[in-house]
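A.B. asks: Structure below; questions to follow.
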Amino acid sequence: MELQKFQYDNKTVKMFAYATIVWGLVGMLAGLIAAIQLYLPAANLSLPYTTFGRVRPVHTNAVIFAFVGNGIFMGVYYSLQRLLKARMFSDLLSKVHFWGWQLIIVLAAITLVLGKTTGKEYAELEWPIDILITLVWVVFGWNMFGTILRRRERHLYVAIWFYIATFVTVAMLHIVNSIEIPVSFWKSYSWYAGVQDALVQWWYGHNAVAFFLTTPYLGLMYYFLPKMAQRPIYSYRLSIIHFWALIFLYIWAGPHHLLYTSVPDWAQSLGVVFSIMLLAPSWGGMINGLLTLRGAWDKVRDNVGLKFLVVAVTAYGMATFEGPMLSLKSVSAIAHYTDWIVAHVHVGALGWNGFMTFGILYWLIPRLFQTKLHSQKLANAHFWIGTLGILLYAVPMYWAGFMQSSMWKDFTPEGQLKWQFMDTVTKMIPFYIARSIGGALYLIGAILMTYNLIKTIKAGTFLEIEEDEAPALKGDYVSHSKDHWHRWIERKPIQLMIVSLVVVAIGGVIEFVPTFLVKSNIPTIASVKPYTPLELQGRDIYVREGCYTCHSQMIRPFRSETARYGEYSKAGEFVYDHPFQWGSKRTGPDLAREGGKYPDSWHYNHMADPTSMSPGSIMPQYPWLLEDQLDGNSTMAKIKAMKRLGVPYPEGYENIALKDMEKQALKITANLKEDGIETLPDREIVAIIAYLQRLGKDIKGEKTITKK
Amino acid sequence: MKKLKLFGTLILLPATAFCRDEEVTKNSSYFSNALFLTMLVIMILLAMLIVAFSSAFKNIADSDYLINKYNKENTKRSDAAKTIVSMIILFSSFSMLGQGNTILPIKDDWRIGGLDQFTFYFMLFIVLLELFVLALMFYQFNYLVKTAKALSDLPQKKKESKLLLSLTDSVAIEEEESILLDHDYDGIKELDNNLPPWWKYGFYLTIVVAVIYMLHFHVFGTGDLQIKEYEKDMALAKLEVDEYMKNSANNVDENTIKLLTEPADIASGKDLFISNCAACHGKLGEGSVGPNLTDEFWLHGGSVQDIFKSVKYGWVEKGMKSWKEDISPMQIAQLTSFIKSITGTNPPNPKAPQGESFKEAGIIINDSTAIATDSLLKTIDSLNAKK
């Protein structure tokens with residue numbers, strides 16, 4: 001057999017590595033700023049752009065799509081070429097992929113800070129960026145498959161199965177969840193409404209965790225862990241079963257984010273049982289990783305990269321054990337909406353994704369620059385500071401979440417709620433402080449790493465031309481008689497992709513299709529009416545300011561919630577909510593029935609200075625809402641878009657919408673005037689008051705009547 | 001065989017939990033009990049520690065010498081670990097059934113911190129057992145580390161812990177050539193070890209649990225879905241509250257309320273006012289977002305009964321919320337009495353009068369509170385003076 005010589009593309013790998021480091025620091029810093037604002041709201045510097053509701057999406061998007069995203073591409077571009085014995089398919093595509101992804105990140109950062117958001121968690125980016133993401137993702141897939149098709153290795157290694165599943169599933173998730181109707185260049189409404197939107201969004205949100213934070217990183221683990229440990233993978237058959245089981249089961253589990261909400265019971269139950277079954281396949285990955293280290297534990301002591309990987313895999317195991325537990329309804333009843341969930345995701349993010357990335361960087365950078373790591377000592381310091389940071393982050397958040405939930409549920413023997421919501425908020429502050437210290441430590445660790453790697457890079461020379469050789473694949477494969485049956489699909493990348501897509505599509509289809517087709521899943525309520533133009537504008541401000549990052553709009557059927565917030569939420573109340581705004585965290589109280597709870601003037605004062613109306617509040621001030629003029633010109637386009645989505649405004653309503661809007665605004669300003677507040681009817685505050693006063697009122701009237 | 005037995009028991013467990021439903025009439029969920037939850041969390045944390053510890057253990061204990069010396073302990077340990085693991089699984093199969101399925105009888109003399117004695121001691125036992133196992137492991141671990149250090153200079157023939165091999169059903173490292181596949185990806189090779197049995201059976205178990213879960217809630221309809229669960233919970237809460245209120249002085253409503261005159265009551269009323277009402281009605285009741293409460297004009301009536309009602313049910317359309325879920329009837333009475341006490345205090349920056357004038361006269365005449373009101377005014381004066 002003739003050996004072919006070829007070169008690996010290390011330059012793209014290097015660029016992705018740099019981007020990973022830079023965006024990692026940015027994303028973590030954004031997280032730290034957000035964390036500090038939770039006990040020091042004034043840390044937003046009184047600017048809309050740096051306020052929690054906008055910084056939090058910047059943080060989540062930056063760490064997920066910028067830090068981890070670039071980390072994925074770094075690892076994939078490095079490992080894929082070597083596992084296939086082929087250079088990346090096209091240098092041009094690699095370039096387009098790299099710069100395209102960075103462009104997306106920059107655009108994302110700018111638009112999110114400016115409040116251009118769809119209001120769907122982890123999918124906040126507006127439609128032009130969504131399209132760009134799709135294009136760049138296709139470029140990535142094209143480049144990957146081009147490389148696969150030109151490979152010199154007959155079979156695809158398990159890491160590549162994970163890359164392929166990641167590619168197809170993320171494409172599917174992103175496209176399905178991002179279907180939206182543009183109103184203007186930077187504004188769109190989700191195609192789905194209410195319960196459907198919630199199901200689609202959390203199908204996406206949950207599987208963004210699964211197929212962006214988990215499967216590609218499992219792929220990286222399968223390459224970098226045995227490389228560093230120089231041990232064979234523990235079990236090939238475990239790889240097969242846990243791969244297929246994982247991708248099949250993961251996709252179903254989305255509704256576990258919506259337990260006890262207005263989502264149909266059967267969908268919730270599916271979410272529960274698939275989450276339970278997910279435990280073993282998830283742990284399959286951890287076992288295969290940790291047991292690969294059998295006989296190589298002495299290396300863990302000396303190899304700092306491996307040390308990070310071991311903690312990463314362990315954190316993965318902990319998070320994936322906790323996940324199914326949190327998916328049990330009784331546990332979710334306690335943990336949902338609290339900081340417990342925040343702790344849970346950060347064990348995964350800081351431990352699994354963060355430490356895995358660090359471990360790979362410590363191994364990869366010296367290799368790319370043909371030198372030794374500048375300082376082992378510093379890297380060890382990073383390891384310990386980072387670990388301490390994770391602990392200091394997670395423990396207070398677990399505690400806080402558990403405590404706040406218990407307080408929310410406490411009743412006096414007389415049957416009254418024992419604690420005002422504000423009591424539970426003030427109790428959280430010491431925990432928030434501790435958490436930000438943990439986060440700061442973690443960031444300091446990352447800064448140490450950056451310094452260490454810069455020093456390493458400066459000391460070495462970049463290995464631009466790395467040569468390798470392998471025989472070309474020729475002719476048809478003649479299988480040995482005792483080949484494992486699974487080897488067949490490992491030779492067939494296209495079939496592997498298609499089968500993966502089918503496997504992941506099953507769960508999604510079974511979960512959505514019934515809610516789209518069967519009316520009975522979303523009982524319609526006659527008294528629920530579309531939003532008035534002013535309320536709609538107010539709702540868009542609510543979305544823009546990211547109110548959903550701290551306020552839920554979903555009252556679960558618990559005594560403690562109906563006592564505090566009013567009648568539990570019904571599916572039919574949300575049929576005109578494009579997008580839904582149920583939220584996932586209650587840093588502030590639920591707002592599903594906020595309408596009519598307080599006078600207009602209360603809201604006005606509260607927006608100007610929340611502590612004036614609720615002493616002790618940690619909500620930031622929104623002075624700009626009081627001053628900024630509402631963009632009334634968009635009203636017509638918005639009503640039109642809503643009509644196209646099937647919201648039953650009367651024929652030609654868009655033409656008189658503006659007039660209606662002004663009428664309602666005048667009424668509110670008159671109300672405010674009665675309480676001694678002078679404001680112009682065209683200010684944003686008027687719209688947001690209109691929206692808040694509408695919340696949950698549609699069936700509120702009925703309820704008070706039946707209740708006597 | 002042993003495995004099978006254990007497996008069978010675990011599968012049957014959820015069923016036993018269903019049965020418990022019927023026995024109990026008046027009960028509340030375990031999961032609303034702080035003590036229970038704390039103990040549960042401690043149990044799980046300790047169990048996780050034990051698992052983590054034992055894996056560290058295995059790594060240390062992988063020399064021939066150590067294996068031989070500690071074989072006995074190892075078997076013991078594995079038994080303990082098995083017990084704990086099965087207990088944890090047992091436990092999670094209970095909790096899996098959703099809020100309110102696991103229930104406890106209410107009988108005060110049988111309770112410890114709101115838990116029935118059996119549960120409490122059972123959990124305490126597990127926690128202690130876990131602590132004991134941990135202590136044992138820690139002791140051995142320390143010893144092992146010391147011995148391992150001493151041995152580390154000696155030439156070693158590495159051999160893995162038999163426990164690990166049997167737990168994972170894997171081929172020993174020195175024999176791994178036999179299961180090494182001919183795969184080679186950039187130098188990465190693959191072994192083909194068996195699936196660890198506990199993992200495989202655990203996977204089966206979760207599938208069985210999933211099927212039982214779906215049958216229980218959606219086919220046989222034996223489990224309560226969330227709305228049913230809610231309704232039961234509400235009915236239960238009402239029973240409990242009614243029971244409590246029967247024997248409680250707290251039992252006041254808008255028909256039975258009388259003006260309270262004890263300075264202590266007025267003072268509590270004032271505290272309640274400051275923390276709940278002042279934001280809208282002003283610190284001195286002068287009104288801001290809400291109406292002035294110190295003048296003689298009232299939007300919804302100024303009698304004790306009227307004010308009590310306004311606080312209790314609210315005037316939701318006008319922005320006054322109902323407070324009955326937040327403060328108890330007795331507290332509303334105190335609050336009402338405090339509000340009555342500040343009539344005519346003329347605080348600075350009063351809000352313009354709203355509503356109709358209400359004169360106390362009609363009530364005072366045939367009531368001994370006339371005298372009380374005098375003393376009340378004095379109390380307020382003294383309260384204000386203190387401030």
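Quick note on naming: the chains in the structure tokens go A, B, ... in the order shown, residues restart at 1 in each chain, and ligands are numbered from 1 in order of appearance.
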Excluding A:Lys307 and residues on its chain fewer than 2 positions from it, collect all residues at most 10 Å away from it, counting only C-alpha atoms, and give them as a CSV table (one decimal) with C-alpha atoms, in the first residue's frame.
C.D. replies:
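And here's selection-v2.csv as it stands now:
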```
chain,number,residue,atom,x,y,z
A,297,TRP,CA,-4.1,7.3,37.6
A,299,LYS,CA,-0.5,10.2,35.2
A,300,VAL,CA,-3.3,12.2,36.6
A,301,ARG,CA,-1.0,13.4,39.3
A,302,ASP,CA,1.6,14.7,36.9
A,303,ASN,CA,-0.5,15.8,33.9
A,304,VAL,CA,-2.4,18.9,34.8
A,305,GLY,CA,-4.6,18.7,31.7
A,309,LEU,CA,-10.4,16.3,32.6
A,310,VAL,CA,-11.0,14.0,35.5
A,311,VAL,CA,-12.8,16.8,37.4
A,312,ALA,CA,-14.8,17.6,34.3
A,355,PHE,CA,-12.7,22.3,33.1
A,356,MET,CA,-12.7,20.2,29.9
A,359,GLY,CA,-7.7,20.7,30.2
A,380,ASN,CA,-2.0,23.6,39.3
A,383,PHE,CA,-6.9,23.9,39.0
```
A.B. asks: With 7 Å as the cut-off and only C-alpha atoms counted, what is the closest atom pair between each nearby residue of chain A and chain B? Distances in Å to one decimal, ordered by chain and number, as JSON lines.
C.D. replies:
```
{"residue": "A:Arg82", "atom": "CA", "partner": "B:Asp186", "partner_atom": "CA", "distance": 5.8}
{"residue": "A:Leu83", "atom": "CA", "partner": "B:Tyr185", "partner_atom": "CA", "distance": 5.3}
{"residue": "A:Tyr157", "atom": "CA", "partner": "B:Tyr185", "partner_atom": "CA", "distance": 6.8}
{"residue": "A:Pro226", "atom": "CA", "partner": "B:Ile188", "partner_atom": "CA", "distance": 6.5}
{"residue": "A:Lys227", "atom": "CA", "partner": "B:Ile188", "partner_atom": "CA", "distance": 6.7}
{"residue": "A:Pro232", "atom": "CA", "partner": "B:Lys189", "partner_atom": "CA", "distance": 4.6}
{"residue": "A:Ile233", "atom": "CA", "partner": "B:Glu190", "partner_atom": "CA", "distance": 4.5}
{"residue": "A:Tyr234", "atom": "CA", "partner": "B:Leu191", "partner_atom": "CA", "distance": 5.3}
{"residue": "A:Ser235", "atom": "CA", "partner": "B:Asp192", "partner_atom": "CA", "distance": 4.4}
{"residue": "A:Tyr236", "atom": "CA", "partner": "B:Asp192", "partner_atom": "CA", "distance": 4.9}
{"residue": "A:Arg237", "atom": "CA", "partner": "B:Asp192", "partner_atom": "CA", "distance": 6.1}
{"residue": "A:Leu238", "atom": "CA", "partner": "B:Leu195", "partner_atom": "CA", "distance": 6.0}
{"residue": "A:Tyr260", "atom": "CA", "partner": "B:Gln226", "partner_atom": "CA", "distance": 6.6}
{"residue": "A:Asp265", "atom": "CA", "partner": "B:Leu225", "partner_atom": "CA", "distance": 6.9}
{"residue": "A:Ser269", "atom": "CA", "partner": "B:Met214", "partner_atom": "CA", "distance": 7.0}
{"residue": "A:Val273", "atom": "CA", "partner": "B:Ala210", "partner_atom": "CA", "distance": 4.8}
{"residue": "A:Ile276", "atom": "CA", "partner": "B:Thr206", "partner_atom": "CA", "distance": 6.1}
{"residue": "A:Met277", "atom": "CA", "partner": "B:Thr206", "partner_atom": "CA", "distance": 5.1}
{"residue": "A:Ala280", "atom": "CA", "partner": "B:Phe203", "partner_atom": "CA", "distance": 5.2}
{"residue": "A:Leu328", "atom": "CA", "partner": "B:Met96", "partner_atom": "CA", "distance": 5.6}
{"residue": "A:Lys329", "atom": "CA", "partner": "B:Gly98", "partner_atom": "CA", "distance": 5.2}
{"residue": "A:Ser330", "atom": "CA", "partner": "B:Gln99", "partner_atom": "CA", "distance": 4.6}
{"residue": "A:Pro413", "atom": "CA", "partner": "B:Val241", "partner_atom": "CA", "distance": 6.3}
{"residue": "A:Glu414", "atom": "CA", "partner": "B:Val241", "partner_atom": "CA", "distance": 5.7}
{"residue": "A:Gly415", "atom": "CA", "partner": "B:Val241", "partner_atom": "CA", "distance": 5.7}
{"residue": "A:Gln416", "atom": "CA", "partner": "B:Glu325", "partner_atom": "CA", "distance": 4.8}
{"residue": "A:Leu417", "atom": "CA", "partner": "B:Asp326", "partner_atom": "CA", "distance": 5.1}
{"residue": "A:Pro557", "atom": "CA", "partner": "B:Tyr230", "partner_atom": "CA", "distance": 5.8}
{"residue": "A:Phe558", "atom": "CA", "partner": "B:Tyr230", "partner_atom": "CA", "distance": 5.9}
{"residue": "A:Arg559", "atom": "CA", "partner": "B:Met234", "partner_atom": "CA", "distance": 6.2}
{"residue": "A:Ala563", "atom": "CA", "partner": "B:Glu325", "partner_atom": "CA", "distance": 5.6}
{"residue": "A:Arg564", "atom": "CA", "partner": "B:Glu325", "partner_atom": "CA", "distance": 6.7}
{"residue": "A:Gly596", "atom": "CA", "partner": "B:Gly319", "partner_atom": "CA", "distance": 5.5}
{"residue": "A:Lys597", "atom": "CA", "partner": "B:Gly319", "partner_atom": "CA", "distance": 5.1}
{"residue": "A:Tyr598", "atom": "CA", "partner": "B:Gly319", "partner_atom": "CA", "distance": 3.9}
{"residue": "A:Pro599", "atom": "CA", "partner": "B:Gly319", "partner_atom": "CA", "distance": 4.3}
{"residue": "A:Ser601", "atom": "CA", "partner": "B:Val289", "partner_atom": "CA", "distance": 5.9}
{"residue": "A:Trp602", "atom": "CA", "partner": "B:Val289", "partner_atom": "CA", "distance": 6.0}
{"residue": "A:Ser612", "atom": "CA", "partner": "B:Ala279", "partner_atom": "CA", "distance": 6.8}
{"residue": "A:Met613", "atom": "CA", "partner": "B:Ala279", "partner_atom": "CA", "distance": 4.9}
{"residue": "A:Ser614", "atom": "CA", "partner": "B:Ala279", "partner_atom": "CA", "distance": 6.6}
{"residue": "A:Asp675", "atom": "CA", "partner": "B:Val289", "partner_atom": "CA", "distance": 6.1}
```
A.B. asks: For the residues selected in the previous step, produce a file with N, CA and C atoms as a compact mmCIF listing (two decimals), in the first residue's frame.
C.D. replies:
```
# COMPACT_ATOMS: atom_id res chain seq x y z
N ARG A 82 -7.08 14.37 12.60
CA ARG A 82 -6.18 13.29 13.00
C ARG A 82 -6.89 11.94 13.04
N LEU A 83 -8.18 11.97 13.41
CA LEU A 83 -8.91 10.71 13.47
C LEU A 83 -9.23 10.19 12.07
N TYR A 157 -14.44 6.95 14.27
CA TYR A 157 -14.26 6.74 15.70
C TYR A 157 -15.42 7.36 16.47
N PRO A 226 -8.17 9.70 26.19
CA PRO A 226 -7.24 8.58 25.93
C PRO A 226 -5.89 9.08 25.40
N LYS A 227 -5.90 10.20 24.68
CA LYS A 227 -4.64 10.76 24.19
C LYS A 227 -3.74 11.14 25.37
N PRO A 232 -6.11 2.68 26.17
CA PRO A 232 -7.23 2.40 25.26
C PRO A 232 -8.57 2.74 25.91
N ILE A 233 -9.53 3.08 25.06
CA ILE A 233 -10.89 3.34 25.56
C ILE A 233 -11.39 2.08 26.25
N TYR A 234 -12.10 2.28 27.36
CA TYR A 234 -12.46 1.15 28.22
C TYR A 234 -13.35 0.13 27.51
N SER A 235 -14.42 0.62 26.87
CA SER A 235 -15.33 -0.37 26.28
C SER A 235 -16.00 0.17 25.03
N TYR A 236 -15.71 -0.51 23.94
CA TYR A 236 -16.29 -0.14 22.65
C TYR A 236 -17.80 -0.34 22.67
N ARG A 237 -18.25 -1.44 23.25
CA ARG A 237 -19.70 -1.68 23.22
C ARG A 237 -20.45 -0.71 24.12
N LEU A 238 -19.79 -0.25 25.18
CA LEU A 238 -20.41 0.78 26.01
C LEU A 238 -20.55 2.08 25.20
N TYR A 260 -45.43 20.84 36.35
CA TYR A 260 -46.46 21.58 37.11
C TYR A 260 -46.85 22.88 36.44
N ASP A 265 -50.50 17.16 30.98
CA ASP A 265 -49.90 16.19 31.92
C ASP A 265 -49.09 15.13 31.21
N SER A 269 -45.26 14.03 31.90
CA SER A 269 -44.86 12.69 32.32
C SER A 269 -43.80 12.12 31.39
N VAL A 273 -40.22 10.61 32.64
CA VAL A 273 -39.71 9.24 32.50
C VAL A 273 -38.48 9.18 31.60
N ILE A 276 -35.55 10.11 33.65
CA ILE A 276 -35.10 9.02 34.53
C ILE A 276 -34.25 8.04 33.73
N MET A 277 -34.73 7.72 32.53
CA MET A 277 -34.00 6.73 31.73
C MET A 277 -32.67 7.29 31.21
N ALA A 280 -28.68 6.42 33.01
CA ALA A 280 -27.68 5.40 32.66
C ALA A 280 -26.87 5.78 31.42
N LEU A 328 -37.83 14.70 38.71
CA LEU A 328 -38.95 14.09 39.42
C LEU A 328 -39.86 15.22 39.87
N LYS A 329 -41.14 15.01 39.73
CA LYS A 329 -42.05 16.13 39.98
C LYS A 329 -41.92 16.67 41.39
N SER A 330 -41.74 15.76 42.34
CA SER A 330 -41.67 16.23 43.73
C SER A 330 -40.43 17.07 43.99
N PRO A 413 -49.94 28.16 61.07
CA PRO A 413 -51.06 27.25 61.38
C PRO A 413 -52.41 27.89 61.08
N GLU A 414 -52.46 29.23 61.10
CA GLU A 414 -53.72 29.90 60.77
C GLU A 414 -54.02 29.83 59.29
N GLY A 415 -53.04 29.35 58.50
CA GLY A 415 -53.27 29.19 57.08
C GLY A 415 -52.80 30.36 56.24
N GLN A 416 -52.01 31.27 56.84
CA GLN A 416 -51.47 32.34 56.02
C GLN A 416 -50.05 32.01 55.59
N LEU A 417 -49.63 32.60 54.47
CA LEU A 417 -48.24 32.47 54.06
C LEU A 417 -47.37 33.06 55.15
N PRO A 557 -49.99 24.86 40.18
CA PRO A 557 -51.11 24.51 41.05
C PRO A 557 -50.65 23.99 42.41
N PHE A 558 -50.08 24.86 43.19
CA PHE A 558 -49.71 24.55 44.57
C PHE A 558 -50.44 25.52 45.47
N ARG A 559 -50.75 25.06 46.64
CA ARG A 559 -51.42 25.93 47.61
C ARG A 559 -50.56 27.18 47.84
N ALA A 563 -52.05 30.85 46.84
CA ALA A 563 -52.26 31.78 47.95
C ALA A 563 -51.48 33.07 47.71
N ARG A 564 -50.29 32.94 47.15
CA ARG A 564 -49.45 34.12 46.98
C ARG A 564 -49.82 34.91 45.74
N GLY A 596 -53.88 44.61 38.03
CA GLY A 596 -54.84 45.07 39.01
C GLY A 596 -54.43 44.87 40.44
N LYS A 597 -53.26 44.33 40.67
CA LYS A 597 -52.85 44.10 42.05
C LYS A 597 -52.51 45.42 42.72
N TYR A 598 -51.90 46.30 41.95
CA TYR A 598 -51.53 47.62 42.48
C TYR A 598 -52.05 48.69 41.54
N PRO A 599 -52.18 49.93 42.04
CA PRO A 599 -52.60 51.03 41.16
C PRO A 599 -51.50 51.37 40.14
N SER A 601 -50.13 54.12 39.66
CA SER A 601 -49.07 54.97 40.24
C SER A 601 -48.04 54.13 40.99
N TRP A 602 -48.50 53.01 41.55
CA TRP A 602 -47.56 52.11 42.22
C TRP A 602 -46.51 51.66 41.22
N SER A 612 -38.83 52.26 46.68
CA SER A 612 -39.81 53.19 47.25
C SER A 612 -41.13 52.48 47.50
N MET A 613 -41.47 51.51 46.66
CA MET A 613 -42.74 50.80 46.81
C MET A 613 -42.55 49.48 47.54
N SER A 614 -41.42 48.82 47.33
CA SER A 614 -41.19 47.61 48.12
C SER A 614 -39.78 47.68 48.72
N ASP A 675 -53.15 60.55 41.10
CA ASP A 675 -52.24 60.31 42.22
C ASP A 675 -51.05 61.25 42.20
```
A.B. asks: Enumerate, as JSON, numbers by chain, the complete set of residues in stretch 5-235 of chain A that a backbone-based DSSP assignment places in strand (DSSP E or B).
C.D. replies: {"A": [5, 6, 7, 8, 9, 180, 181, 182, 183, 184, 187, 188, 189, 190, 233, 235]}
A.B. asks: Of the candidates A:Arg644, A:His374, A:Lys427, A:Arg593, which one gets nearest to A:Gln693 if we count only C-alpha atoms?
C.D. replies: A:Arg593
A.B. asks: Just want the 9 Å neighbourhood of A:Val113, counted on only C-alpha atoms, with same-chain residues fewer than 6 positions away dropped. Output as a ChimeraX atom specification.
C.D. replies: /A:48-51,54-55,57-58
A.B. asks: Those residues with C-alpha atoms, as a PDB file, in the first residue's frame please?
C.D. replies:
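Wrote it out as again31.pdb, contents follow:
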```
ATOM      1  CA  PRO A  48     -30.034  50.188  30.261  1.00  0.00           C
ATOM      2  CA  TYR A  49     -27.231  48.352  28.445  1.00  0.00           C
ATOM      3  CA  THR A  50     -25.601  47.027  31.576  1.00  0.00           C
ATOM      4  CA  THR A  51     -28.725  46.108  33.496  1.00  0.00           C
ATOM      5  CA  ARG A  54     -29.694  42.402  29.315  1.00  0.00           C
ATOM      6  CA  VAL A  55     -26.390  41.295  30.850  1.00  0.00           C
ATOM      7  CA  PRO A  57     -28.503  36.906  28.139  1.00  0.00           C
ATOM      8  CA  VAL A  58     -25.098  38.300  27.156  1.00  0.00           C
TER       9      VAL A  58
END
```
A.B. asks: Env of stretch 265-267 of chain B: 8 Å cut, atoms = only C-alpha atoms, seq-sep filter 5 positions within chain, self excluded. Answer as a PyMOL selection string.
C.D. replies: chain B and resi 260+334-335+337-338
A.B. asks: May I have the residues within 8 Å of stretch 214-222 of chain A as a ChimeraX atom specification, using only C-alpha atoms and disregarding those fewer than 6 positions away in the same chain?
C.D. replies: /A:72,75-76,79,158-163,165-166,233,285,289,309,353,356
A.B. asks: Stretch 487-492 of chain A: which residues within 10 Å, counting only C-alpha atoms, same-chain residues fewer than 4 positions away excluded, as a PDB file with N, CA and C atoms, in the first residue's frame?
C.D. replies:
```pdb
ATOM      1  N   ILE A 148     -14.731  14.191   6.076  1.00  0.00           N
ATOM      2  CA  ILE A 148     -15.064  12.784   6.324  1.00  0.00           C
ATOM      3  C   ILE A 148     -15.036  11.992   5.022  1.00  0.00           C
ATOM      4  N   LEU A 149     -15.559  12.591   3.971  1.00  0.00           N
ATOM      5  CA  LEU A 149     -15.629  11.872   2.702  1.00  0.00           C
ATOM      6  C   LEU A 149     -14.250  11.693   2.069  1.00  0.00           C
ATOM      7  N   GLU A 153      -9.178   6.885   6.747  1.00  0.00           N
ATOM      8  CA  GLU A 153      -9.457   5.911   7.802  1.00  0.00           C
ATOM      9  C   GLU A 153     -10.834   5.353   7.492  1.00  0.00           C
ATOM     10  N   ARG A 154     -10.942   4.041   7.374  1.00  0.00           N
ATOM     11  CA  ARG A 154     -12.200   3.462   6.906  1.00  0.00           C
ATOM     12  C   ARG A 154     -13.357   3.756   7.878  1.00  0.00           C
ATOM     13  N   HIS A 155     -13.098   3.525   9.159  1.00  0.00           N
ATOM     14  CA  HIS A 155     -14.188   3.627  10.137  1.00  0.00           C
ATOM     15  C   HIS A 155     -14.133   4.935  10.908  1.00  0.00           C
ATOM     16  N   LEU A 156     -15.306   5.371  11.295  1.00  0.00           N
ATOM     17  CA  LEU A 156     -15.391   6.594  12.090  1.00  0.00           C
ATOM     18  C   LEU A 156     -15.302   6.235  13.573  1.00  0.00           C
ATOM     19  N   TYR A 157     -14.437   6.950  14.267  1.00  0.00           N
ATOM     20  CA  TYR A 157     -14.255   6.737  15.705  1.00  0.00           C
ATOM     21  C   TYR A 157     -15.421   7.363  16.466  1.00  0.00           C
ATOM     22  N   VAL A 158     -15.686   6.866  17.657  1.00  0.00           N
ATOM     23  CA  VAL A 158     -16.852   7.295  18.448  1.00  0.00           C
ATOM     24  C   VAL A 158     -16.929   8.811  18.599  1.00  0.00           C
ATOM     25  N   ILE A 160     -16.335  10.983  16.477  1.00  0.00           N
ATOM     26  CA  ILE A 160     -16.956  11.556  15.271  1.00  0.00           C
ATOM     27  C   ILE A 160     -18.447  11.259  15.218  1.00  0.00           C
ATOM     28  N   TRP A 161     -18.879  10.128  15.789  1.00  0.00           N
ATOM     29  CA  TRP A 161     -20.333   9.905  15.870  1.00  0.00           C
ATOM     30  C   TRP A 161     -20.960  11.058  16.626  1.00  0.00           C
ATOM     31  N   TYR A 477     -14.651  -2.310   1.071  1.00  0.00           N
ATOM     32  CA  TYR A 477     -14.149  -2.882   2.308  1.00  0.00           C
ATOM     33  C   TYR A 477     -14.559  -4.339   2.396  1.00  0.00           C
ATOM     34  N   SER A 479     -15.065  -7.135   4.905  1.00  0.00           N
ATOM     35  CA  SER A 479     -15.138  -7.228   6.354  1.00  0.00           C
ATOM     36  C   SER A 479     -14.626  -8.572   6.842  1.00  0.00           C
ATOM     37  N   ASP A 483     -16.526  -9.214  12.543  1.00  0.00           N
ATOM     38  CA  ASP A 483     -16.748  -7.788  12.757  1.00  0.00           C
ATOM     39  C   ASP A 483     -18.002  -7.544  13.593  1.00  0.00           C
ATOM     40  N   LEU A 496     -24.988   7.279   8.828  1.00  0.00           N
ATOM     41  CA  LEU A 496     -24.893   7.568  10.262  1.00  0.00           C
ATOM     42  C   LEU A 496     -25.612   8.879  10.568  1.00  0.00           C
ATOM     43  N   MET A 497     -25.404   9.869   9.697  1.00  0.00           N
ATOM     44  CA  MET A 497     -26.057  11.157   9.909  1.00  0.00           C
ATOM     45  C   MET A 497     -27.569  11.010   9.821  1.00  0.00           C
ATOM     46  N   VAL A 499     -29.476   8.300  10.156  1.00  0.00           N
ATOM     47  CA  VAL A 499     -30.038   7.523  11.265  1.00  0.00           C
ATOM     48  C   VAL A 499     -30.068   8.381  12.537  1.00  0.00           C
TER      49      VAL A 499
END
```
A.B. asks: For A:Glu467, please output as a compact mmCIF listing (two decimals) with N, CA and C atoms, in the first residue's frame all residues within 9 Å (counting only C-alpha atoms; exclusion window: fewer than 5 positions along the same chain).
C.D. replies:
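As a result, out.txt now contains:
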```
# COMPACT_ATOMS: atom_id res chain seq x y z
N LYS A 5 1.19 11.47 1.65
CA LYS A 5 1.60 12.50 2.60
C LYS A 5 0.58 13.63 2.58
N PHE A 6 0.33 14.18 3.74
CA PHE A 6 -0.60 15.33 3.80
C PHE A 6 -0.26 16.16 5.03
N GLN A 7 -0.86 17.35 5.09
CA GLN A 7 -0.59 18.26 6.21
C GLN A 7 -1.86 18.56 6.96
N TYR A 8 -1.72 18.71 8.27
CA TYR A 8 -2.87 19.11 9.08
C TYR A 8 -2.98 20.63 9.10
```
A.B. asks: Please identify which residues in stretch 297-371 of chain A DSSP calls alpha helix (DSSP H) from the backbone, and express them as a VMD selection string.
C.D. replies: chain A and resid 297 to 302 304 to 326 329 to 335 339 to 346 355 to 368
